[in-house]
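One file, query-v9.cif, carrying mmCIF, C-alpha atoms:
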data_upload
#
loop_
_atom_site.label_atom_id
_atom_site.label_comp_id
_atom_site.auth_asym_id
_atom_site.auth_seq_id
_atom_site.Cartn_x
_atom_site.Cartn_y
_atom_site.Cartn_z
CA MET K 1436 159.46 111.82 4.59
CA VAL K 1437 160.53 112.13 8.23
CA ASP K 1438 158.21 113.06 11.06
CA VAL K 1439 159.43 116.34 12.55
CA ALA K 1440 159.15 114.94 16.06
CA ASP K 1441 161.61 112.15 15.17
CA ALA K 1442 164.18 114.39 13.51
CA LYS K 1443 166.22 114.98 16.68
CA GLU K 1444 166.60 111.24 17.32
CA ILE K 1445 167.62 110.65 13.71
CA TYR K 1446 170.48 113.16 13.88
CA CYS K 1447 171.60 111.74 17.23
CA SER K 1448 171.70 108.26 15.68
CA HIS K 1449 173.73 109.70 12.78
CA PHE K 1450 176.27 110.91 15.33
CA ALA K 1451 176.45 107.49 16.95
CA ARG K 1452 177.43 105.98 13.60
CA PHE K 1453 179.71 108.91 12.82
CA GLU K 1454 181.45 108.45 16.16
CA SER K 1455 182.01 104.74 15.66
CA GLU K 1456 183.57 105.11 12.24
CA ALA K 1457 187.26 105.80 11.69
CA ILE K 1458 186.89 109.49 10.87
CA ARG K 1459 190.02 111.40 10.01
CA ASP K 1460 190.66 112.87 13.46
CA GLY K 1461 188.88 110.21 15.50
CA GLY K 1462 190.01 110.13 19.12
CA SER K 1463 191.77 113.48 18.81
CA TRP K 1464 191.47 116.50 21.07
CA THR K 1465 188.24 117.52 19.30
CA TYR K 1466 186.30 114.54 20.67
CA PRO K 1467 185.16 116.23 23.92
CA ILE K 1468 183.96 119.24 21.89
CA ARG K 1469 181.93 117.04 19.54
CA LYS K 1470 180.47 115.05 22.42
CA ALA K 1471 179.46 118.17 24.34
CA ALA K 1472 177.86 119.64 21.22
CA ILE K 1473 175.72 116.60 20.41
CA SER K 1474 174.71 116.29 24.07
CA ARG K 1475 173.55 119.89 24.08
CA PHE K 1476 171.68 119.31 20.82
CA ALA K 1477 169.95 116.27 22.33
CA GLU K 1478 168.82 118.44 25.25
CA GLN K 1479 167.41 121.34 23.26
CA GLY K 1480 166.28 119.81 19.95
CA PHE K 1481 165.39 121.89 16.92
CA PRO K 1482 163.87 125.37 17.19
CA THR K 1483 160.24 126.07 16.35
CA THR K 1484 158.39 129.27 15.53
CA ARG K 1485 157.62 129.53 19.24
CA HIS K 1486 161.26 130.47 19.78
CA GLU K 1487 161.60 134.24 19.45
CA GLU K 1488 164.78 134.01 17.36
CA TRP K 1489 163.02 131.67 14.90
CA LYS K 1490 159.60 133.31 14.96
CA TYR K 1491 159.51 134.00 11.22
CA THR K 1492 161.32 130.89 9.93
CA ASN K 1493 159.85 127.42 10.18
CA VAL K 1494 162.57 124.77 9.76
CA ALA K 1495 160.06 121.89 9.46
CA PRO K 1496 160.72 121.53 5.68
CA VAL K 1497 164.38 120.80 6.48
CA LEU K 1498 163.56 118.27 9.18
CA LYS K 1499 161.12 116.30 7.02
CA VAL K 1500 163.82 115.24 4.55
CA PRO K 1501 165.85 112.11 5.46
CA PHE K 1502 169.26 113.62 4.76
CA LYS K 1503 172.29 111.36 4.76
CA HIS K 1504 175.76 112.50 5.74
CA ALA K 1505 177.49 113.50 2.51
CA GLY K 1506 180.74 111.78 3.39
CA TYR K 1507 183.92 112.10 1.36
CA LYS K 1508 183.68 110.83 -2.21
CA PRO K 1509 186.00 111.31 -5.19
CA THR K 1510 184.64 113.95 -7.52
CA GLU K 1511 184.39 114.00 -11.29
CA LEU K 1512 184.67 117.79 -11.35
CA THR K 1513 187.61 119.28 -13.20
CA PRO K 1514 189.32 122.68 -12.97
CA GLU K 1515 187.62 123.59 -16.26
CA THR K 1516 184.10 122.94 -14.89
CA VAL K 1517 184.88 124.85 -11.71
CA LYS K 1518 186.50 127.85 -13.42
CA PRO K 1519 183.20 129.72 -14.12
CA LEU K 1520 182.53 129.67 -10.37
CA THR K 1521 185.84 131.24 -9.40
CA LEU K 1522 186.89 134.88 -9.29
CA GLY K 1523 188.63 134.50 -12.65
CA ARG K 1524 192.08 135.42 -11.42
CA GLU K 1525 194.90 133.16 -12.50
CA GLU K 1526 197.09 134.59 -9.75
CA GLY K 1527 194.32 134.20 -7.18
CA ARG K 1528 194.09 131.88 -4.22
CA GLN K 1529 191.17 129.50 -4.00
CA LEU K 1530 190.25 126.60 -1.74
CA VAL K 1531 187.58 124.37 -3.26
CA PHE K 1532 185.36 122.07 -1.22
CA VAL K 1533 182.98 119.50 -2.69
CA ASN K 1534 180.09 118.46 -0.44
CA GLY K 1535 182.01 119.92 2.49
CA TYR K 1536 185.39 118.26 1.82
CA PHE K 1537 188.60 119.86 0.61
CA SER K 1538 189.52 119.12 -3.01
CA PRO K 1539 193.27 119.81 -3.51
CA GLU K 1540 193.10 119.02 -7.23
CA LEU K 1541 190.55 121.81 -7.77
CA SER K 1542 192.24 124.32 -5.48
CA LEU K 1543 194.84 126.91 -6.38
CA LEU K 1544 197.29 128.45 -3.94
CA TRP K 1545 200.17 130.51 -5.18
CA GLN K 1546 203.05 131.07 -2.81
CA LEU K 1547 201.75 132.56 0.42
CA PRO K 1548 203.58 135.19 2.47
CA ASP K 1549 205.87 133.88 5.17
CA GLY K 1550 203.92 132.33 8.04
CA VAL K 1551 200.52 132.49 6.33
CA LYS K 1552 198.60 129.21 6.22
CA ALA K 1553 195.54 128.40 4.11
CA GLY K 1554 194.20 124.94 3.58
CA SER K 1555 192.05 122.14 4.92
CA LEU K 1556 190.77 122.29 8.49
CA ALA K 1557 190.81 118.48 8.60
CA ALA K 1558 194.59 118.54 8.11
CA ALA K 1559 195.07 121.47 10.49
CA LEU K 1560 193.33 119.58 13.31
CA ASP K 1561 196.37 117.30 13.31
CA THR K 1562 199.22 119.51 12.13
CA GLU K 1563 198.34 123.01 13.39
CA VAL K 1564 196.94 122.27 16.84
CA GLN K 1565 198.67 125.26 18.48
CA GLN K 1566 196.95 127.68 16.10
CA VAL K 1567 193.58 125.89 15.98
CA GLU K 1568 192.85 124.71 19.52
CA PRO K 1569 192.71 128.16 21.23
CA HIS K 1570 189.98 129.31 18.83
CA LEU K 1571 187.95 126.45 17.37
CA ALA K 1572 184.39 126.37 18.80
CA LYS K 1573 185.27 129.12 21.29
CA TYR K 1574 183.20 131.87 19.63
CA ALA K 1575 180.27 130.29 17.76
CA SER K 1576 178.30 129.01 20.75
CA TYR K 1577 176.27 125.84 20.39
CA GLN K 1578 174.61 126.18 23.77
CA ASP K 1579 171.41 127.73 22.41
CA HIS K 1580 171.67 127.03 18.70
CA ALA K 1581 170.74 123.58 17.40
CA PHE K 1582 172.35 124.00 13.96
CA ILE K 1583 175.67 125.27 15.36
CA ALA K 1584 175.58 122.30 17.75
CA LEU K 1585 175.10 119.88 14.84
CA ASN K 1586 177.86 121.51 12.83
CA THR K 1587 180.22 121.32 15.82
CA ALA K 1588 179.36 117.67 16.46
CA PHE K 1589 179.87 116.64 12.82
CA MET K 1590 182.69 119.02 11.83
CA GLU K 1591 185.34 117.25 9.79
CA ASP K 1592 186.55 119.63 7.14
CA GLY K 1593 186.39 123.19 5.91
CA ALA K 1594 188.92 126.00 5.57
CA PHE K 1595 191.63 126.99 8.01
CA ILE K 1596 193.30 130.33 7.44
CA TYR K 1597 196.00 131.63 9.75
CA ILE K 1598 197.70 134.99 9.22
CA PRO K 1599 200.44 136.00 11.67
CA ARG K 1600 201.16 139.52 12.79
CA GLY K 1601 201.95 142.21 10.24
CA ARG K 1602 200.96 140.50 6.98
CA PHE K 1603 199.14 142.24 4.13
CA LEU K 1604 197.48 139.99 1.57
CA LYS K 1605 196.64 141.95 -1.55
CA GLU K 1606 194.80 139.16 -3.35
CA PRO K 1607 191.62 137.70 -1.79
CA ILE K 1608 191.36 134.11 -0.60
CA HIS K 1609 188.34 132.46 -2.20
CA LEU K 1610 186.59 129.62 -0.36
CA LEU K 1611 184.36 127.84 -2.87
CA PHE K 1612 181.83 125.32 -1.52
CA ILE K 1613 180.19 123.17 -4.20
CA SER K 1614 177.28 120.82 -3.54
CA THR K 1615 176.51 118.20 -6.17
CA ALA K 1616 173.38 116.53 -4.68
CA HIS K 1617 174.44 113.27 -6.35
CA GLY K 1618 173.28 110.06 -4.71
CA GLY K 1619 170.17 111.45 -3.02
CA ALA K 1620 169.49 114.04 -0.34
CA SER K 1621 172.65 114.72 1.65
CA VAL K 1622 173.82 117.14 4.35
CA SER K 1623 177.28 118.70 4.66
CA TYR K 1624 178.81 120.56 7.61
CA PRO K 1625 181.58 122.89 6.38
CA ARG K 1626 183.48 124.43 9.30
CA ASN K 1627 185.81 127.38 8.71
CA LEU K 1628 188.28 129.05 11.06
CA VAL K 1629 190.01 132.33 10.18
CA VAL K 1630 192.60 133.74 12.59
CA VAL K 1631 194.09 137.13 11.67
CA GLY K 1632 196.99 138.42 13.73
CA ALA K 1633 197.57 142.00 14.84
CA ASP K 1634 198.33 144.64 12.18
CA SER K 1635 197.40 142.28 9.33
CA GLN K 1636 194.92 142.65 6.49
CA VAL K 1637 193.07 140.09 4.37
CA THR K 1638 190.01 139.66 2.15
CA ILE K 1639 187.99 136.45 2.36
CA VAL K 1640 185.30 135.37 -0.14
CA GLU K 1641 182.91 132.50 0.68
CA SER K 1642 180.81 131.15 -2.20
CA TYR K 1643 178.14 128.45 -1.85
CA VAL K 1644 176.83 127.00 -5.11
CA GLY K 1645 174.84 123.99 -6.22
CA LEU K 1646 175.49 122.05 -9.41
CA GLY K 1647 172.38 120.62 -11.02
CA PRO K 1648 168.96 119.95 -9.51
CA GLY K 1649 168.39 118.01 -6.32
CA ILE K 1650 167.71 118.43 -2.63
CA TYR K 1651 170.62 118.93 -0.24
CA PHE K 1652 171.33 120.75 3.00
CA THR K 1653 174.34 122.94 3.80
CA ASN K 1654 174.86 123.65 7.51
CA GLY K 1655 177.94 125.87 7.77
CA VAL K 1656 179.80 127.76 10.51
CA THR K 1657 182.63 130.26 10.07
CA GLU K 1658 184.57 131.75 13.00
CA VAL K 1659 186.70 134.85 12.37
CA ILE K 1660 189.09 136.29 14.96
CA VAL K 1661 190.47 139.75 14.15
CA GLY K 1662 193.58 140.80 16.08
CA ASP K 1663 194.50 144.28 17.33
CA ASN K 1664 194.61 146.88 14.56
CA ALA K 1665 193.88 144.23 11.91
CA ALA K 1666 191.40 144.50 9.04
CA VAL K 1667 189.22 141.80 7.44
CA ASP K 1668 186.86 142.22 4.50
CA HIS K 1669 184.47 139.30 4.18
CA TYR K 1670 182.19 138.49 1.24
CA LYS K 1671 179.59 135.75 1.13
CA LEU K 1672 177.75 134.76 -2.04
CA GLU K 1673 174.94 132.23 -1.60
CA GLU K 1674 173.80 130.63 -4.88
CA GLU K 1675 172.41 127.30 -3.76
CA SER K 1676 170.10 125.34 -6.06
CA THR K 1677 166.37 126.08 -6.05
CA GLU K 1678 165.59 122.97 -3.95
CA ALA K 1679 168.40 123.35 -1.45
CA PHE K 1680 168.41 124.32 2.22
CA HIS K 1681 171.14 126.57 3.58
CA ILE K 1682 171.66 127.52 7.23
CA SER K 1683 174.92 129.23 8.19
CA THR K 1684 176.50 131.29 10.95
CA LEU K 1685 179.34 133.78 10.63
CA GLN K 1686 180.73 134.56 14.09
CA VAL K 1687 183.27 137.39 14.32
CA HIS K 1688 185.35 138.54 17.30
CA LEU K 1689 187.06 141.94 17.02
CA ASN K 1690 189.89 143.14 19.23
CA ARG K 1691 191.25 146.63 19.88
CA SER K 1692 191.19 149.08 16.94
CA SER K 1693 190.32 146.29 14.50
CA ARG K 1694 188.05 146.60 11.47
CA PHE K 1695 185.65 144.12 9.91
CA SER K 1696 183.27 144.45 6.97
CA SER K 1697 180.74 141.88 5.79
CA HIS K 1698 178.95 141.75 2.42
CA SER K 1699 176.27 139.05 2.36
CA ILE K 1700 174.50 138.31 -0.94
CA ALA K 1701 171.64 135.75 -0.99
CA LEU K 1702 170.28 134.72 -4.40
CA GLY K 1703 169.44 131.00 -4.31
CA GLY K 1704 168.00 128.26 -2.14
CA ALA K 1705 164.50 127.18 -1.16
CA LEU K 1706 164.96 127.96 2.54
CA VAL K 1707 167.95 130.05 3.59
CA ARG K 1708 168.98 131.43 6.96
CA SER K 1709 172.19 133.45 7.19
CA GLU K 1710 173.36 134.67 10.59
CA VAL K 1711 176.09 137.26 11.06
CA ASN K 1712 177.16 137.90 14.66
CA THR K 1713 179.95 140.32 15.55
CA VAL K 1714 181.42 141.12 18.96
CA LEU K 1715 183.32 144.41 19.32
CA ASP K 1716 185.50 143.37 22.25
CA GLY K 1717 188.24 146.01 21.98
CA GLU K 1718 188.13 149.79 22.14
CA GLY K 1719 188.09 151.63 18.84
CA GLY K 1720 186.75 148.73 16.79
CA GLU K 1721 184.76 149.23 13.59
CA CYS K 1722 182.20 146.97 12.00
CA ALA K 1723 180.15 147.28 8.77
CA LEU K 1724 177.48 144.77 7.76
CA ASN K 1725 176.01 145.02 4.25
CA GLY K 1726 173.48 142.64 2.77
CA LEU K 1727 171.38 142.06 -0.33
CA TYR K 1728 168.73 139.36 -0.66
CA MET K 1729 166.74 138.77 -3.84
CA VAL K 1730 163.77 136.47 -3.32
CA SER K 1731 161.40 135.11 -5.97
CA GLY K 1732 159.12 132.12 -6.58
CA GLN K 1733 158.45 130.54 -3.20
CA GLN K 1734 161.86 131.15 -1.68
CA HIS K 1735 162.28 131.92 2.01
CA VAL K 1736 165.40 133.91 2.96
CA ASP K 1737 166.09 134.91 6.57
CA ASN K 1738 168.87 137.35 7.51
CA HIS K 1739 169.64 137.36 11.21
CA THR K 1740 172.30 139.72 12.56
CA ARG K 1741 173.61 140.75 15.96
CA ILE K 1742 176.25 143.36 16.79
CA ASP K 1743 177.53 143.32 20.37
CA HIS K 1744 179.19 146.56 21.49
CA VAL K 1745 181.21 145.36 24.49
CA LYS K 1746 183.92 148.04 24.73
CA ALA K 1747 183.97 151.83 24.40
CA HIS K 1748 184.50 154.04 21.34
CA CYS K 1749 183.35 151.47 18.78
CA THR K 1750 181.42 152.13 15.58
CA SER K 1751 179.03 149.94 13.60
CA ARG K 1752 177.09 150.51 10.40
CA GLU K 1753 174.52 148.11 8.98
CA LEU K 1754 172.56 148.25 5.72
CA TYR K 1755 170.52 145.33 4.39
CA LYS K 1756 168.34 145.55 1.28
CA GLY K 1757 165.75 143.11 0.01
CA VAL K 1758 164.05 142.68 -3.37
CA LEU K 1759 161.05 140.35 -3.13
CA ASP K 1760 158.96 139.00 -5.99
CA GLY K 1761 156.46 136.22 -6.68
CA LYS K 1762 155.41 134.48 -3.47
CA GLY K 1763 158.84 134.90 -1.93
CA ARG K 1764 159.25 135.68 1.74
CA GLY K 1765 162.09 137.57 3.34
CA VAL K 1766 163.09 138.11 6.96
CA PHE K 1767 165.39 140.69 8.48
CA ASN K 1768 165.96 140.37 12.20
CA GLY K 1769 168.83 142.56 13.36
CA LYS K 1770 169.86 143.54 16.87
CA ILE K 1771 172.43 146.03 18.13
CA PHE K 1772 173.26 145.29 21.77
CA VAL K 1773 175.16 147.98 23.69
CA HIS K 1774 176.66 146.74 26.96
CA ARG K 1775 177.15 148.88 30.08
CA SER K 1776 180.88 148.78 29.40
CA ALA K 1777 180.52 150.45 25.97
CA PRO K 1778 180.18 154.26 26.29
CA LYS K 1779 180.71 156.42 23.19
CA THR K 1780 179.15 153.74 20.99
CA ASP K 1781 178.12 154.96 17.53
CA ALA K 1782 175.75 152.53 15.79
CA ARG K 1783 173.33 152.75 12.87
CA GLN K 1784 171.11 150.05 11.43
CA THR K 1785 168.92 150.25 8.32
CA ASN K 1786 166.79 147.73 6.45
CA LYS K 1787 165.10 148.63 3.14
CA ASN K 1788 162.78 146.38 1.16
CA LEU K 1789 161.22 146.54 -2.29
CA LEU K 1790 158.11 144.46 -2.98
CA LEU K 1791 157.53 143.65 -6.64
CA SER K 1792 154.36 141.56 -6.39
CA ARG K 1793 151.18 141.31 -4.36
CA ASP K 1794 152.13 137.99 -2.81
CA ALA K 1795 155.67 138.87 -1.75
CA TRP K 1796 156.14 139.23 2.01
CA ILE K 1797 158.75 140.69 4.35
CA ASP K 1798 159.07 140.47 8.13
CA THR K 1799 161.49 143.13 9.31
CA LYS K 1800 162.53 143.61 12.92
CA PRO K 1801 165.38 146.06 13.56
CA GLN K 1802 166.23 146.25 17.25
CA LEU K 1803 168.29 148.27 19.71
CA GLU K 1804 169.06 147.13 23.25
CA ILE K 1805 171.08 149.79 25.05
CA HIS K 1806 172.50 149.59 28.58
CA ASN K 1807 174.58 152.77 28.49
CA ASN K 1808 173.34 156.37 28.20
CA ASP K 1809 176.42 157.83 26.51
CA VAL K 1810 175.77 156.51 22.98
CA LYS K 1811 174.56 157.50 19.50
CA CYS K 1812 172.33 154.79 18.07
CA THR K 1813 169.66 154.76 15.36
CA HIS K 1814 167.69 152.07 13.57
CA GLY K 1815 164.89 151.88 11.04
CA SER K 1816 163.29 149.98 8.19
CA THR K 1817 161.25 150.73 5.08
CA ILE K 1818 158.96 148.66 2.87
CA GLY K 1819 157.81 150.02 -0.47
CA GLN K 1820 157.15 149.57 -4.15
CA LEU K 1821 158.72 151.04 -7.26
CA ASP K 1822 158.38 154.79 -7.61
CA GLN K 1823 155.51 155.34 -10.04
CA ASP K 1824 156.76 158.79 -11.06
CA ALA K 1825 160.17 157.38 -11.99
CA LEU K 1826 158.47 154.54 -13.85
CA PHE K 1827 156.30 157.01 -15.79
CA TYR K 1828 159.37 159.12 -16.59
CA LEU K 1829 161.21 156.16 -18.14
CA ARG K 1830 158.17 154.94 -20.08
CA SER K 1831 157.50 158.42 -21.46
CA ARG K 1832 160.96 158.28 -23.00
CA GLY K 1833 160.35 155.06 -24.86
CA VAL K 1834 161.56 152.52 -22.29
CA GLY K 1835 159.33 149.43 -22.13
CA LEU K 1836 157.53 148.52 -18.91
CA ARG K 1837 159.62 145.45 -18.13
CA ALA K 1838 162.89 147.23 -18.91
CA ALA K 1839 161.87 150.27 -16.86
CA ARG K 1840 160.98 148.15 -13.85
CA GLY K 1841 164.22 146.23 -14.24
CA LEU K 1842 166.29 149.43 -14.34
CA LEU K 1843 164.66 150.84 -11.21
CA THR K 1844 165.01 147.57 -9.34
CA TYR K 1845 168.66 147.29 -10.33
CA ALA K 1846 169.24 150.86 -9.14
CA PHE K 1847 167.79 149.87 -5.75
CA ALA K 1848 170.09 146.86 -5.46
CA SER K 1849 173.18 148.60 -6.82
CA GLU K 1850 173.77 150.52 -3.59
CA ILE K 1851 174.94 147.26 -2.03
CA ILE K 1852 176.69 145.89 -5.12
CA SER K 1853 178.70 149.10 -5.50
CA ARG K 1854 180.23 148.50 -2.06
CA ILE K 1855 181.92 145.32 -3.29
CA HIS K 1856 185.55 146.17 -3.97
CA ILE K 1857 186.55 142.93 -5.71
CA GLU K 1858 185.95 143.76 -9.36
CA PRO K 1859 185.38 140.21 -10.73
CA LEU K 1860 182.89 139.51 -7.94
CA ARG K 1861 181.09 142.82 -8.45
CA VAL K 1862 180.85 142.26 -12.22
CA ARG K 1863 179.53 138.75 -11.71
CA LEU K 1864 176.87 139.97 -9.29
CA GLU K 1865 175.83 142.68 -11.71
CA GLU K 1866 175.41 140.03 -14.41
CA LEU K 1867 173.43 137.74 -12.10
CA VAL K 1868 171.08 140.52 -11.05
CA LEU K 1869 170.56 141.79 -14.58
CA ALA K 1870 169.96 138.23 -15.81
CA ARG K 1871 167.02 137.95 -13.43
CA PHE K 1872 165.39 140.93 -15.08
CA ARG K 1873 166.10 139.67 -18.58
CA GLU K 1874 164.40 136.39 -17.64
CA GLY K 1875 161.36 138.31 -16.45
CA LYS K 1876 162.02 137.82 -12.74
CA GLY K 1877 161.56 140.89 -10.65
CA THR K 1878 159.28 142.56 -13.17
CA GLU K 1879 155.75 141.66 -12.10
CA ALA K 1880 153.63 144.69 -11.37
CA VAL K 1881 152.03 145.23 -7.98
CA VAL K 1882 148.38 145.91 -8.64
#
Here is a file; write its structure as structure tokens.
Amino acid sequence: MVDVADAKEIYCSHFARFESEAIRDGGSWTYPIRKAAISRFAEQGFPTTRHEEWKYTNVAPVLKVPFKHAGYKPTELTPETVKPLTLGREEGRQLVFVNGYFSPELSLLWQLPDGVKAGSLAAALDTEVQQVEPHLAKYASYQDHAFIALNTAFMEDGAFIYIPRGRFLKEPIHLLFISTAHGGASVSYPRNLVVVGADSQVTIVESYVGLGPGIYFTNGVTEVIVGDNAAVDHYKLEEESTEAFHISTLQVHLNRSSRFSSHSIALGGALVRSEVNTVLDGEGGECALNGLYMVSGQQHVDNHTRIDHVKAHCTSRELYKGVLDGKGRGVFNGKIFVHRSAPKTDARQTNKNLLLSRDAWIDTKPQLEIHNNDVKCTHGSTIGQLDQDALFYLRSRGVGLRAARGLLTYAFASEIISRIHIEPLRVRLEELVLARFREGKGTEAVV
């Protein structure tokens, strides 16, 4: 076990060793970025519950584990073992990463449209500098975020996707991150950069899964830049192992008349914090954030969102739903920030939660901060239990108690699942959710 007070010094010492080793892009143009990030981390340290943005999530359990840098190691995984984790499309495009590092032998990329690039960020740092340098670490700020600072300091690999102007990708690009937890507690820092040119359209799926038991820590950052009149649909499926820690940030920058939608599904992990931050920095932009978190046992899942309306005539819609059982704890902390420069903003934010046991707990904090009077903005949250009249109706028609509760809970969650337009992903989520009810999870009565 590590003393929490010593955790900052331990990660700084990790960077000293990391810096001295012959890492893939050592001495490259990224060195000043890494150095600035670790220096900022050394200044601020880790957040505590005294920090307003971390009020409901205590990261001490993460800091007490002596994680080692995962490092690149050959994997024994085969395409056959990975196949159940994919979208099941032979013609699909998938980039597979094991413990944060690109695995070309497990990946599948059919011929891409002219000019489109999808592959390893580690390689792109050397070969695609003109496309990477203007964007990398320019949007996900590490100045006031310890975990983004660590990711930036230790970033080696992840996905790089570049789509030039006027490209339409019909098939989604699947980014599959697998953690094996072999060789003891380890930490990985996947870093993803997605640059979408004007008038283009793409669908990105990020999946985070753990194979087998074991403690590990995933600290990920994804930056998405959406060009003028472009459209990006983003899906994130978090299925870490029951002992794992997962902290990630999705930072999105939208330009004029662009559209972005996010679908965040959290099912696994012991302590999970998922941040989604979007900046509407061009007139006429549209943003939709959808989320579903299903918490049981003693899980802790924190969803933290921020939508910045910077320019006029932009629209945002946000709906997050939580199903909490056992002694699980959920957090929803969402803020819509309307700048003075953003008249005619139209924004709505909603958080709904279903408690299935006495000991389940939710902290919900929807927020509006408005600096312009010419706007339409609403926000709200609800916390409740299963409808007893609906439960009685089902039972009176011969449906058992557990099955009735499972059906009503699934109906609550299906509003989010139905918004997923990728059929294999939607079917898989339906199976995962229904499996929880068949196993008896999500069926304890609130007395």
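CA of Ile1596 in chain K lies 5.6 Å from CA of Lys1552 in chain K.
Considering the residues K:Ala1442, K:Ile1857, K:Leu1724, K:Leu1611 and counting only C-alpha atoms, Pro1519 in chain K has its shortest atom-to-atom contact with K:Leu1611.
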Grab the CA of Asn1725 in chain K to CA of Pro1648 in chain K distance for me, in Å with one decimal place. 29.5 Å
Using all atoms listed in the file, which residues sit within 8 Å of Ile1608 in chain K once same-chain residues fewer than 4 positions away are excluded, as an MDAnalysis selection string? chainID K and resid 1527:1530 1637:1640
Go through range 1706-1771 of chain K residue by residue and, counting all atoms listed in the file, keep those with an atom at most 10 Å from range 1812-1832 of chain K; for each kept residue give the shortest atom pair and its distance in Å to one decimal, ordered by chain and increasing number, as JSON lines.
{"residue": "K:Thr1750", "atom": "CA", "partner": "K:Cys1812", "partner_atom": "CA", "distance": 9.8}
{"residue": "K:Ser1751", "atom": "CA", "partner": "K:Cys1812", "partner_atom": "CA", "distance": 9.4}
{"residue": "K:Arg1752", "atom": "CA", "partner": "K:Thr1813", "partner_atom": "CA", "distance": 9.9}
{"residue": "K:Glu1753", "atom": "CA", "partner": "K:His1814", "partner_atom": "CA", "distance": 9.1}
{"residue": "K:Leu1754", "atom": "CA", "partner": "K:Ser1816", "partner_atom": "CA", "distance": 9.7}
{"residue": "K:Tyr1755", "atom": "CA", "partner": "K:Ser1816", "partner_atom": "CA", "distance": 9.4}
{"residue": "K:Lys1756", "atom": "CA", "partner": "K:Thr1817", "partner_atom": "CA", "distance": 9.6}
{"residue": "K:Gly1757", "atom": "CA", "partner": "K:Ile1818", "partner_atom": "CA", "distance": 9.2}
{"residue": "K:Val1758", "atom": "CA", "partner": "K:Gln1820", "partner_atom": "CA", "distance": 9.8}
{"residue": "K:Phe1767", "atom": "CA", "partner": "K:Ser1816", "partner_atom": "CA", "distance": 9.5}
{"residue": "K:Gly1769", "atom": "CA", "partner": "K:His1814", "partner_atom": "CA", "distance": 9.6}
{"residue": "K:Lys1770", "atom": "CA", "partner": "K:His1814", "partner_atom": "CA", "distance": 9.4}
{"residue": "K:Ile1771", "atom": "CA", "partner": "K:Cys1812", "partner_atom": "CA", "distance": 8.8}
When the PyMOL selection byres ((chain K and resi 1580) around 10) is applied to the structure above, which residues does it catch, written out as a ChimeraX atom specification? /K:1472,1475-1476,1479-1482,1488,1575-1579,1581-1585
In Å to one decimal, how far is CA of Lys1671 in chain K from CA of Ser1542 in chain K? 18.3 Å
Quick one: of K:Thr1657, K:Ala1705, K:Arg1863, K:Val1714, who's nearest to Leu1672 in chain K, counting all atoms listed in the file? K:Arg1863
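Evaluating the PyMOL selection byres ((chain K and resi 1793-1800) around 8) against the shown model yields Tyr1491, Leu1759, Asp1760, Gly1761, Lys1762, Gly1763, Arg1764, Gly1765, Val1766, Phe1767, Asn1768, Gly1769, Asn1786, Asn1788, Leu1790, Leu1791, Ser1792, Pro1801, Gln1802, Ser1816, Val1881 and Val1882 of chain K.
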Quick check on the file I pasted: which residues fall under the PyMOL selection byres ((chain K and resi 1451) around 12)? Write them as number ranges by chain. K: 1444-1450, 1452-1456, 1469-1470, 1473-1474, 1588-1589
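Here the question is which of K:Ala1777, K:Leu1522, K:Lys1573, K:Glu1511 gets nearest to Leu1610 in chain K using all atoms listed in the file, and that residue is K:Leu1522.
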Test item: write range 1538-1547 of chain K with N, CA and C atoms as a PDB file, in the first residue's frame:
ATOM      1  N   SER K1538      -1.824  -2.763 -31.165  1.00  0.00           N
ATOM      2  CA  SER K1538      -1.526  -4.147 -31.548  1.00  0.00           C
ATOM      3  C   SER K1538      -1.940  -4.342 -33.000  1.00  0.00           C
ATOM      4  N   PRO K1539      -1.012  -4.200 -33.958  1.00  0.00           N
ATOM      5  CA  PRO K1539      -1.379  -4.322 -35.383  1.00  0.00           C
ATOM      6  C   PRO K1539      -1.899  -5.696 -35.753  1.00  0.00           C
ATOM      7  N   GLU K1540      -1.409  -6.750 -35.064  1.00  0.00           N
ATOM      8  CA  GLU K1540      -1.840  -8.101 -35.415  1.00  0.00           C
ATOM      9  C   GLU K1540      -3.290  -8.367 -35.011  1.00  0.00           C
ATOM     10  N   LEU K1541      -3.821  -7.596 -34.068  1.00  0.00           N
ATOM     11  CA  LEU K1541      -5.211  -7.756 -33.640  1.00  0.00           C
ATOM     12  C   LEU K1541      -6.151  -6.761 -34.316  1.00  0.00           C
ATOM     13  N   SER K1542      -5.588  -5.799 -35.019  1.00  0.00           N
ATOM     14  CA  SER K1542      -6.381  -4.737 -35.622  1.00  0.00           C
ATOM     15  C   SER K1542      -6.819  -5.123 -37.028  1.00  0.00           C
ATOM     16  N   LEU K1543      -7.818  -4.413 -37.506  1.00  0.00           N
ATOM     17  CA  LEU K1543      -8.382  -4.701 -38.824  1.00  0.00           C
ATOM     18  C   LEU K1543      -8.782  -3.390 -39.479  1.00  0.00           C
ATOM     19  N   LEU K1544      -8.119  -3.072 -40.577  1.00  0.00           N
ATOM     20  CA  LEU K1544      -8.437  -1.835 -41.301  1.00  0.00           C
ATOM     21  C   LEU K1544      -8.558  -2.143 -42.787  1.00  0.00           C
ATOM     22  N   TRP K1545      -9.785  -2.140 -43.259  1.00  0.00           N
ATOM     23  CA  TRP K1545      -9.983  -2.272 -44.691  1.00  0.00           C
ATOM     24  C   TRP K1545      -9.550  -0.971 -45.345  1.00  0.00           C
ATOM     25  N   GLN K1546      -9.520  -0.964 -46.638  1.00  0.00           N
ATOM     26  CA  GLN K1546      -9.045   0.214 -47.362  1.00  0.00           C
ATOM     27  C   GLN K1546      -9.841   1.444 -46.961  1.00  0.00           C
ATOM     28  N   LEU K1547      -9.124   2.479 -46.558  1.00  0.00           N
ATOM     29  CA  LEU K1547      -9.745   3.720 -46.120  1.00  0.00           C
ATOM     30  C   LEU K1547      -9.926   4.663 -47.306  1.00  0.00           C
TER      31      LEU K1547
END
